[in-house]
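What follows is a set of notes on a single structure, which appears directly below.
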Amino acid sequence: MSGFDENLLDEADETVRVRFVVNGRKVACEVAPRETLVDCLRNELELTGTHAGCEMGACGACLVQLDGRAVHSCLMYAVQADGARIDTIDGLSESGVIADLQAEFHRRNALQCGFCTPGMLVNANELLSQVAEPSREEIRDALSGNYCRCTGYEAIVDAIDAVAKARNEGGSAT
Amino acid sequence: MSAPLTSLDRPNSYIGRSVPRPNAKRLLAGRGRYVSDLKLPRMLYAAFLRSPHAHAKIISIDIERARALEGVHLVATGADLAKICTPWTGTLDHFKGMTSSPQLPLPLDRVVWAGQAVVAVVAESRAIAEDALELIEVDYEDLPVVVDIDGAREAGGPLINPGSANNICFRSQLDNGTVDDAFAHAAHVVEEEFSFGRHTAVTLEPRAIVADYDPAAGMLTVHHATQTPYQFQDLYSRHYGIPEARVRVIATDIGGSFGMKLHVYHEDMAVVGLSILLGRPVKYVADRIESFVSDIHARDHRVRARMALDAKGEILAMDVLDLTAIGAFSTYPRTSVVEGNQVIRLIGAPYRFKNYRASLEVIFQNKVQTSQYRAVGHPIACAVTERLVDMAAAKVGLDPFAIRAQNVIADDAYPQTSPTGYRFEALSHQACLKRLHEMMDYDALRAEQAELRKRGVYRGIGIAAFVEITNPSPAFYGVGGARISSQDGAIVSLTPSGEVRCLISVTEQGQGTEAIISQIVADQLGLAQEHVKVVTGDTEVTPHGGATWACRGAGIGGETALRAARALKRNILEIAALILQEQPSALDIIDGEVVDAATRQQRLPIAEIARIAYFRSDTLPPGTQAQLTVGHHFAPQGYPFAFTNGIQGCSMEVDVETGFIKVLKHFIVEDCGRVINPMLVDEQLRGGIVQGLGAALFEECRYSETGQLVNGSLADYLVPMPMEMPDIVIAHVETPTADTELGAKGCGEAGTAAASACVLNAVNDALTPFGATINSIPITPAKVLKALKRF
Amino acid sequence: MKARAFSYFRAATIEQALDAHALVGDDARFIAGGQSLVPALSLRLQAPRLLIDITHIGELRGVRREGGFLRIGALTRHCEMLSEPLIAEFAPLLQAAAPFVAHPAIRNRGTFGGSVALADPASEFPAMTLALDAEIEIAGPSGSRRIKADDFFIDLFETALQPGELITAIYVPLFKADQRFAFDEMARRRGDYALVGCGMLATCAGDRINDIRISFFSVGNTPTRVKGAEATLIGSSLNSERIAAAQAALEGDLAPPENDEVPPAMRLHLARVLLGRLLGRLGESA
């Protein structure tokens with residue numbers, strides 16, 4: 001890789017080409033360096049399932065998986081993700097990996113307006129991939145950065161709890 | 001008490017069944033369609049320069065450098081928009097004597113709160129628009145700032161509105177019975193001053209709007225994240241002079257609302273004007289920092305109240321003064337005085353005393369406006385009443401349950417009129433109290449509390465009874481001259497394939513409107529729910545109605561759907577009767593099949609009726625015109641409001657060294673009349689309670705002495721998060737209203753109404769051994785430690 | 001809330017990163033996890049012309065033993081503090097503090113070096129470098145150096161880092177069998193910045209404390225060691241009288257700032273309560 005070229009400074013407003021693997025597909029797009037990953041996903045790639053709630057990492061609505069880990073897409077620039085694998089709610093839905101979580105959220109009505117839901121699901125998916133059977137306290141802790149104004153959280157905790165138990169028993173939550 | 005059985009209670013009825021919301025699947029897959037997601041051809045983006053001063057004269061505005069920036073299409077000031085938009089005033093006629101200054105999208109010469117939008121920029125991206133904001137220079141001259149209630153009331157102090165005599169927006173008084181006499185002869189009097197901090201709705205999706213004016217068609221389309229599209233259709237039409245039929249407001253998915261998104265915001269009005277000026281779609285999504293300084297706030301009350309009791313603990317009278325500060329304007333079109341008005345009218349509501357006096361003073365100040373947010377006034381009225389009841393119980397030597405059992409209006413004593421003049425059809429305080437006592441295992445909780453106290457662990461137990469206002473009639477806004485409908489409309493059609501589509505004016509914010517409407521329609525028509533499609537939120541498609549506010553979706557919208565569905569069923573059976581050569585009354589519909597009413601024997605699928613009516617009308621008797629689309633409107637009559645009631649309980653632990661509070665468990669027994677979908681009702685209660693707990697323990701818009709909001713970000717304004725919130729136990733009592741066939745009342749605000757009162761009582765209960773009391777919300781560690789004199 | 005325009009450069013080596021910074025000067029900023037920097041840019045509180053991304057520099061990664069120290073690469077993510085066995089064994093205080101650092105998704109991206117470099121006085125890790133007597137390895141235009149944590153934190157968001165320098169690793173003395181630690185904080189909500197927080201590392205002989213380092217955060221302009229309190233404990237065994245003396249000494253050690261929500265006297269009170277509780281736990285872990 002070459003070193004720093006000072007001409008770069010004159011091109012702050014110019015877009016640069018970045019490449020990711022988004023939801024399993026190779027994607028190239030032109031972004032300004034100042035464009036956050038969430039804005040890039042929503043505006044350039046039209047993946048509007050990822051939401052922007054606070055743009056400062058305090059609400060969890062914008063969570064996506066970056067190389068397999070949940071991160072706030074409002075707390076990084078798209079250029080930083082060049083070369084990374086990104087999975088959004090759209091891809092997680094299509095691949096079916098969170099189908100049981102989605103079904104249980106639906107059955108238990110663990111959402112109302114739905115704006116926090118994609119972030120909740122990304123985080124729930126991460127939790128269950130790390131802790132086989134989290135306690136309710138551990139579930140609440142894992143969601144401690146995911147804001148929901150509608151539900152009061154209990155149904156979300158119930159749904160994740162039910163899916164964790166079902167996964168351990170090798171069945172479906174319902 | 002349970003509801004008498006009706007046709008709604010038959011086996012397999014959809015009424016009373018916890019079915020999941022059909023439309024939630026989209027949201028779970030990330031396929032929501034929020035206004036903030038919307039992208040239209042030619043669309044531009046707006047941003048606003050905001051006042052850094054809480055009160056100042058605008059001396060000059062220099063927009064030249066901003067206008068010259070590449071990518072900027074328009075920079076507009078107050079004067080530019082005033083040319084095309086008429087001003088609005090946030091007063092209503094039935095609030096006698098109230099005043100408020102006229103408002104424009106952007107100010108002409110004066111700013112009245114820090115964060116007020118001053119200049120609009122429209123550019124090719126939000127980022128470029130923000131770049132341009134940095135190039136605008138506004139010269140201000142500071143004016144004296146009015147921040148707190150006392151400052152605003154000071155004689156000879158600074159005035160918010162030049163030319164006015166004082167900073168009073170509205171005064172109101174109630175005086176019923178013989179209050180002075182009751183206090184003079186009381187065995188016990190308890191008195192306290194309460195304060196309630198400002199808080200705000202913090203919907204996860206901030207306010208969002210895309211205004212799209214097509215000059216060729218003379219047509220304005222506004223994609224607006226609101227609960228009340230018809231209200232905005234009317235307002236955009238009237239203030240911009242566009243015929244109503246050429247204004248279309250579309251409210252699709254919305255990321256939370258809670259009352260906050262039914263008010264007129266200056267930016268939203270400006271965006272409509274910007275689109276008209278440009279002839280292009282203009283999008284504005286408030287960012288989180290803007291939300292905190294421009295969304296309406298709520299509460300901000302200081303209440304002094306006293307209660308008189310006889311020697312046995314019978315409540316004799318209450319006397320109340322409510323001071324509330326609302327910002328520099330009264331909000332349009334619903335005003336900013338409704339909360340205070342409801343505070344003084346809901347105080348004491350569960351109890352049967354007759355002597356009541358209250359004064360309300362609504363005051364201007366240099367802050368963003370307050371207005372209606374979930375449970376308008378209820379949490380304040382409830383906290384004041386219930387804390388005084390607990391104080392009285394302690395004084396008389398009664399248990400909190402006992403004093404309430406003694407004083408609530410008896411379940412068999414209805415109808416009743418409250419000391420404040422509200423007419424109650426039927427409430428169930430006694431049944432709710434009894435149920436809560438069992439559900440909390442109250443005696444065991446008290447025993448555990450006593451045991452733990454010996455070990456230095458301080459638990460608190462609190463309860464709070466409440467009354468909630470739902471299903472409002474025109475008495476709420478209509479009589480004051482507001483063009484806000486209390487009726488709703490539904491259009492129900494049998495489709496050619498035999499399915500049913502219902503277009504209805506009530507709107508969906510995630511509470512499950514579409515689900516319960518489809519349950520009601522399916523139930524009444526005899527169809528599977530999946531064969532009913534409900535459409536909401538588009539003024540061009542759905543009939544005019546009040547939409548969503550004051551807990552009216554189920555009670556009024558549901559009744560509208562019920563009656564529309566019954567009308568359609570009559571029409572379907574008329575055609576079926578012609579085809580089958582039967583009397584309509586001999587037929588019924590079950591599971592999408594026309595059957596013999598008596599034997600339930602299947603005769604004909606309704607899909608076949610639809611096919612014949614739409615495609616083979618030639619086979620029907622001459623003169624038959626099948627009416628398979630039915631429109632119906634329903635306006636509530638009878639009682640002006642359908643009041644509901646309930647009681648909440650809370651168990652918590654106070655760390656007396658740190659002042660930290662841990663809510664251990666919360667309980668509610670609630671009576672919203674007929675329950676259409678128990679799961680959805682429970683989730684409304686849970687969500688509402690957690691908003692109330694947030695208010696009780698965490699949330700407050702804190703201002704500096706110069707009127708700057710000091711915690712206006714999601715990192716600094718503490719909303720309730722999962723780790724700190726308890727599990728919530730729920731039970732129901734059902735007392736349907738007889739004013740409708742359905743019997744449903746509202747439930748969306750019940751949780752918020754009493755949660756903070758419950759917490760307040762529980763904290764004070766925990767602090768009893770120390771003789772410490774707290775009467776200020778939110779209850780922060782600082783207030784607890786202060787009360788305990790720990791620092 | 002959109003950042004002002006900037007240019008972006010992804011450095012492959014420390015040298016490239018330093019060169020780029022040297023060329024651009026004060027208008028350049030290094031970005032690692034970015035969990036604090038990105039919001040600051042979105043709010044336009046800062047507006048650098050150039051962001052130098054250091055997250056792809058291999059030399060800044062990895063946790064390994066080096067002499068009597070654990071060398072923790074600057075890019076070690078907060079979540080690795082919880083999952084890395086070497087941290088659990090040789091720097092358990094960091095592992096104990098990690099769950100309190102913001103929320104899981106922030107911990108997946110935020111870095112140890114970034115947190116120390118920012119020196120937020122309300123953050124857990126900078127304060128723990130003080131308790132651990134850690135050394136901070138810095139690379140800059142004039143070469144590499146190591147500096148004691150005690151000498152690193154200077155004032156509010158001000159450290160010994162000179163313009164154009166970056167942290168390459170943090171060296172933590174290996175945890176020993178005769179050592180005990182304790183950590184806790186008081187935050188309104190899980191993951192919030194604490195009203196007050198504290199971590200401590202003690203070297204003990206039976207009941208007797210031979211040495212102890214106690215560091216507070218959210219109490220002033222910098223992470224703060226409380227040497228007065230430490231002095232009351234060293235050479236004594238932990239008993240209620242010594243704990244009370246340590247608590248009393250905090251008044252001289254701490255000078256909490258004015259704050260509308262947490263007045264100085266309240267913060268001092270909370271610090272005393274927290275210190276008492278942690279020393280109690282330290283005693284129990286004997």
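Each chain in the structure tokens gets a letter, A, B, ..., in the order shown, and its residues are numbered from 1; ligands are numbered from 1 in order too.
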Using only C-alpha atoms, which chain A residues lie at most 9 Å away from chain C, written as JSON, numbers by chain? {"A": [1, 2, 3, 4, 5, 6, 8, 9, 10, 11, 12, 13, 14, 32, 33, 34, 35, 36, 55, 56, 57, 58, 60, 63, 69, 70, 71, 72, 74, 75, 76, 77, 79, 80, 123, 141, 142, 143, 144, 145, 146]}
Please determine the contact residues of chain B with respect to chain C at a cut-off of 8 Å, counting only C-alpha atoms, and supply them as a PyMOL selection string. chain B and resi 126-127+130-131+287+289+657-658+660+715+721+723-724+782+785+790-791
Same residues, C-alpha atoms, saved as a CSV table (one decimal), in the first residue's frame:
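To be explicit, this is the file written out as selection.csv:
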chain,number,residue,atom,x,y,z
B,126,ARG,CA,-28.5,17.1,4.4
B,127,ALA,CA,-24.8,17.4,4.8
B,130,GLU,CA,-25.6,21.8,7.2
B,131,ASP,CA,-22.5,23.1,5.6
B,287,ASP,CA,-31.9,14.9,14.0
B,289,ILE,CA,-30.3,17.2,18.9
B,657,GLU,CA,-26.3,5.3,50.9
B,658,THR,CA,-26.3,6.0,47.2
B,660,PHE,CA,-30.2,4.7,43.8
B,715,ALA,CA,-26.7,10.3,25.9
B,721,MET,CA,-33.5,1.4,29.2
B,723,MET,CA,-31.6,-3.1,32.4
B,724,GLU,CA,-33.4,-0.8,34.8
B,782,ALA,CA,-29.5,13.6,44.4
B,785,LEU,CA,-29.7,11.7,49.3
B,790,ARG,CA,-26.5,12.5,53.3
B,791,PHE,CA,-24.7,15.4,51.8
Residues of chain B within 8 Å of chain A, using only C-alpha atoms, as a PyMOL selection string? chain B and resi 20-21+24-25+27-32+37+202-206+253-256+287-288+509-512+679-680+683-684+686-691+714-715+719-723+725-728
May I have the selected residues written with C-alpha atoms, as a CSV table (one decimal), in the first residue's frame?
chain,number,residue,atom,x,y,z
B,20,PRO,CA,-50.5,-11.2,16.6
B,21,ARG,CA,-50.5,-8.1,14.4
B,24,ALA,CA,-45.7,-6.5,12.3
B,25,LYS,CA,-44.1,-9.0,10.1
B,27,LEU,CA,-41.4,-4.4,10.5
B,28,LEU,CA,-39.6,-7.5,11.8
B,29,ALA,CA,-38.0,-8.0,8.4
B,30,GLY,CA,-36.8,-4.4,8.1
B,31,ARG,CA,-39.5,-3.7,5.5
B,32,GLY,CA,-41.1,-0.8,7.4
B,37,ASP,CA,-36.8,6.1,4.5
B,202,VAL,CA,-38.3,10.9,22.5
B,203,THR,CA,-39.8,8.8,19.8
B,204,LEU,CA,-37.1,6.6,18.3
B,205,GLU,CA,-37.8,7.9,14.8
B,206,PRO,CA,-37.5,11.7,15.1
B,253,ASP,CA,-45.3,3.7,9.2
B,254,ILE,CA,-44.2,5.9,12.0
B,255,GLY,CA,-41.4,5.3,14.5
B,256,GLY,CA,-43.4,6.3,17.6
B,287,ASP,CA,-31.9,14.9,14.0
B,288,ARG,CA,-31.8,13.9,17.7
B,509,GLN,CA,-48.4,3.8,15.3
B,510,GLY,CA,-47.7,0.2,16.3
B,511,GLN,CA,-50.3,0.0,19.0
B,512,GLY,CA,-52.2,-2.5,16.8
B,679,MET,CA,-52.0,-9.1,24.3
B,680,LEU,CA,-52.1,-5.7,22.6
B,683,GLU,CA,-48.4,-4.3,25.7
B,684,GLN,CA,-50.0,-0.8,25.7
B,686,ARG,CA,-46.4,-2.2,29.7
B,687,GLY,CA,-45.1,0.4,27.3
B,688,GLY,CA,-47.1,3.1,29.1
B,689,ILE,CA,-45.9,2.1,32.5
B,690,VAL,CA,-42.3,2.2,31.4
B,691,GLN,CA,-42.8,5.7,30.1
B,714,LEU,CA,-29.9,10.8,23.9
B,715,ALA,CA,-26.7,10.3,25.9
B,719,VAL,CA,-34.8,7.5,28.8
B,720,PRO,CA,-35.7,4.2,30.5
B,721,MET,CA,-33.5,1.4,29.2
B,722,PRO,CA,-34.0,-2.4,29.5
B,723,MET,CA,-31.6,-3.1,32.4
B,725,MET,CA,-37.0,-1.6,34.0
B,726,PRO,CA,-39.0,-4.3,35.9
B,727,ASP,CA,-41.2,-7.0,34.7
B,728,ILE,CA,-44.9,-5.9,34.9
Distance atom CA of B:Ala132-atom CA of B:Ile276, one decimal place? 20.8 Å
Residue with smallest distance to A:Ala28 - pool A:Cys62, A:Gly83, A:Asn7, A:Glu169, counting only C-alpha atoms: A:Gly83
Write out as a PyMOL selection string which residues come within 10 Å of C:Val63 when counting only C-alpha atoms, dropping same-chain ones fewer than 5 positions away. chain C and resi 70-76+80-81+84-87+169-171
Using the selection just defined, write its residues with C-alpha atoms as a PDB file, in the first residue's frame.
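Okay, this is what ended up in again-v2.pdb:
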ATOM      1  CA  LEU C  70       1.311  -7.886  29.549  1.00  0.00           C
ATOM      2  CA  ARG C  71       1.622  -5.919  26.323  1.00  0.00           C
ATOM      3  CA  ILE C  72      -1.855  -4.957  25.182  1.00  0.00           C
ATOM      4  CA  GLY C  73      -1.871  -3.620  21.635  1.00  0.00           C
ATOM      5  CA  ALA C  74      -3.579  -0.254  21.256  1.00  0.00           C
ATOM      6  CA  LEU C  75      -6.170  -1.691  18.893  1.00  0.00           C
ATOM      7  CA  THR C  76      -7.353  -4.298  21.379  1.00  0.00           C
ATOM      8  CA  GLU C  80     -11.465  -8.628  23.837  1.00  0.00           C
ATOM      9  CA  MET C  81     -10.934  -7.545  27.429  1.00  0.00           C
ATOM     10  CA  GLU C  84      -8.945 -12.816  25.899  1.00  0.00           C
ATOM     11  CA  PRO C  85      -7.556 -15.431  28.310  1.00  0.00           C
ATOM     12  CA  LEU C  86      -4.293 -13.529  28.848  1.00  0.00           C
ATOM     13  CA  ILE C  87      -6.262 -10.527  30.100  1.00  0.00           C
ATOM     14  CA  ALA C 169       0.468  -0.406  23.270  1.00  0.00           C
ATOM     15  CA  ILE C 170      -0.204  -0.380  26.979  1.00  0.00           C
ATOM     16  CA  TYR C 171       2.064  -2.405  29.269  1.00  0.00           C
TER      17      TYR C 171
END
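One finds atom CA of B:Val467 at 20.0 Å from atom CA of B:Met391.
Near B:Pro636, within 7 Å and counting only C-alpha atoms, sit B:Ser473, B:Gln487, B:Ile556; same-chain residues fewer than 4 positions away were not included.
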Would you write out those residues with C-alpha atoms, as a PDB file, in the first residue's frame?
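File produced: again06.pdb:
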ATOM      1  CA  SER B 473     -66.557  13.569  22.107  1.00  0.00           C
ATOM      2  CA  GLN B 487     -65.873  11.014  14.715  1.00  0.00           C
ATOM      3  CA  ILE B 556     -64.451   5.049  18.401  1.00  0.00           C
TER       4      ILE B 556
END
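If you look at atom CA of B:Phe194 and atom CA of B:Ala114, they are 26.9 Å away from each other.
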Within 9 Å of B:Asp739, counting only C-alpha atoms, which residues show up once you throw out same-chain ones fewer than 3 positions away? Write them as number ranges by chain, please. B: 636-639, 642, 736, 742-743
Would you export the selected residues with C-alpha atoms as a tab-separated table (two decimals), in the first residue's frame, please?
chain	number	residue	atom	x	y	z
B	636	PRO	CA	-69.53	9.19	20.09
B	637	GLN	CA	-72.74	10.21	21.80
B	638	GLY	CA	-73.96	9.85	25.34
B	639	TYR	CA	-71.21	10.50	27.84
B	642	ALA	CA	-65.57	7.10	28.27
B	736	PRO	CA	-67.79	-2.09	28.91
B	742	LEU	CA	-68.53	-2.78	21.11
B	743	GLY	CA	-68.16	-1.48	24.64
Run DSSP on the backbone of this structure and report the residues of chain A it assigns to helix (DSSP H, G or I), as an NGL selection string. :A and (6-11 or 37-44 or 78-81 or 89-95 or 99-108 or 117-130 or 136-142 or 154-169)
Would you list the contacts of stretch 475-478 of chain B as a ChimeraX atom specification, taking every protein, DNA or RNA residue within 9 Å and counting only C-alpha atoms, but skipping same-chain residues closer than 6 positions in sequence? /B:92,94,334,484-486,640-641
Just C-alpha atoms for this one: save the residues we selected as a compact mmCIF listing (two decimals), in the first residue's frame.
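Saved as part.txt:
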# COMPACT_ATOMS: atom_id res chain seq x y z
CA LEU B 92 -59.41 27.61 21.57
CA HIS B 94 -63.76 27.13 25.18
CA ARG B 334 -54.65 21.78 20.39
CA ILE B 484 -60.34 18.24 14.97
CA SER B 485 -62.82 15.48 14.44
CA SER B 486 -64.15 13.29 17.22
CA PRO B 640 -68.70 13.17 26.70
CA PHE B 641 -65.84 10.81 27.54
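Each of B:Ala464, B:Val72, B:Ala46, B:Ile326 was checked against B:Leu274 using only C-alpha atoms; the smallest atom-to-atom distance is that of B:Ala46.
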Please list as a PDB file with C-alpha atoms, in the first residue's frame every residue within 7 Å of A:Asp87, counting only C-alpha atoms and excluding residues in the same chain fewer than 3 positions away.
ATOM      1  CA  VAL A  22     -23.259  -6.640   1.944  1.00  0.00           C
ATOM      2  CA  ASN A  23     -25.699  -9.372   2.869  1.00  0.00           C
ATOM      3  CA  VAL A  64     -25.527  -4.062  11.786  1.00  0.00           C
ATOM      4  CA  GLN A  65     -23.073  -6.911  11.761  1.00  0.00           C
ATOM      5  CA  LEU A  66     -19.595  -5.929  10.665  1.00  0.00           C
ATOM      6  CA  GLY A  91     -29.756  -9.969   4.828  1.00  0.00           C
ATOM      7  CA  LEU A  92     -30.362 -11.617   8.176  1.00  0.00           C
TER       8      LEU A  92
END
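Using only C-alpha atoms for every distance, the candidate list B:Val630, B:Leu135, B:Val282, B:Ala528 yields B:Val630 as the residue closest to B:Pro543.
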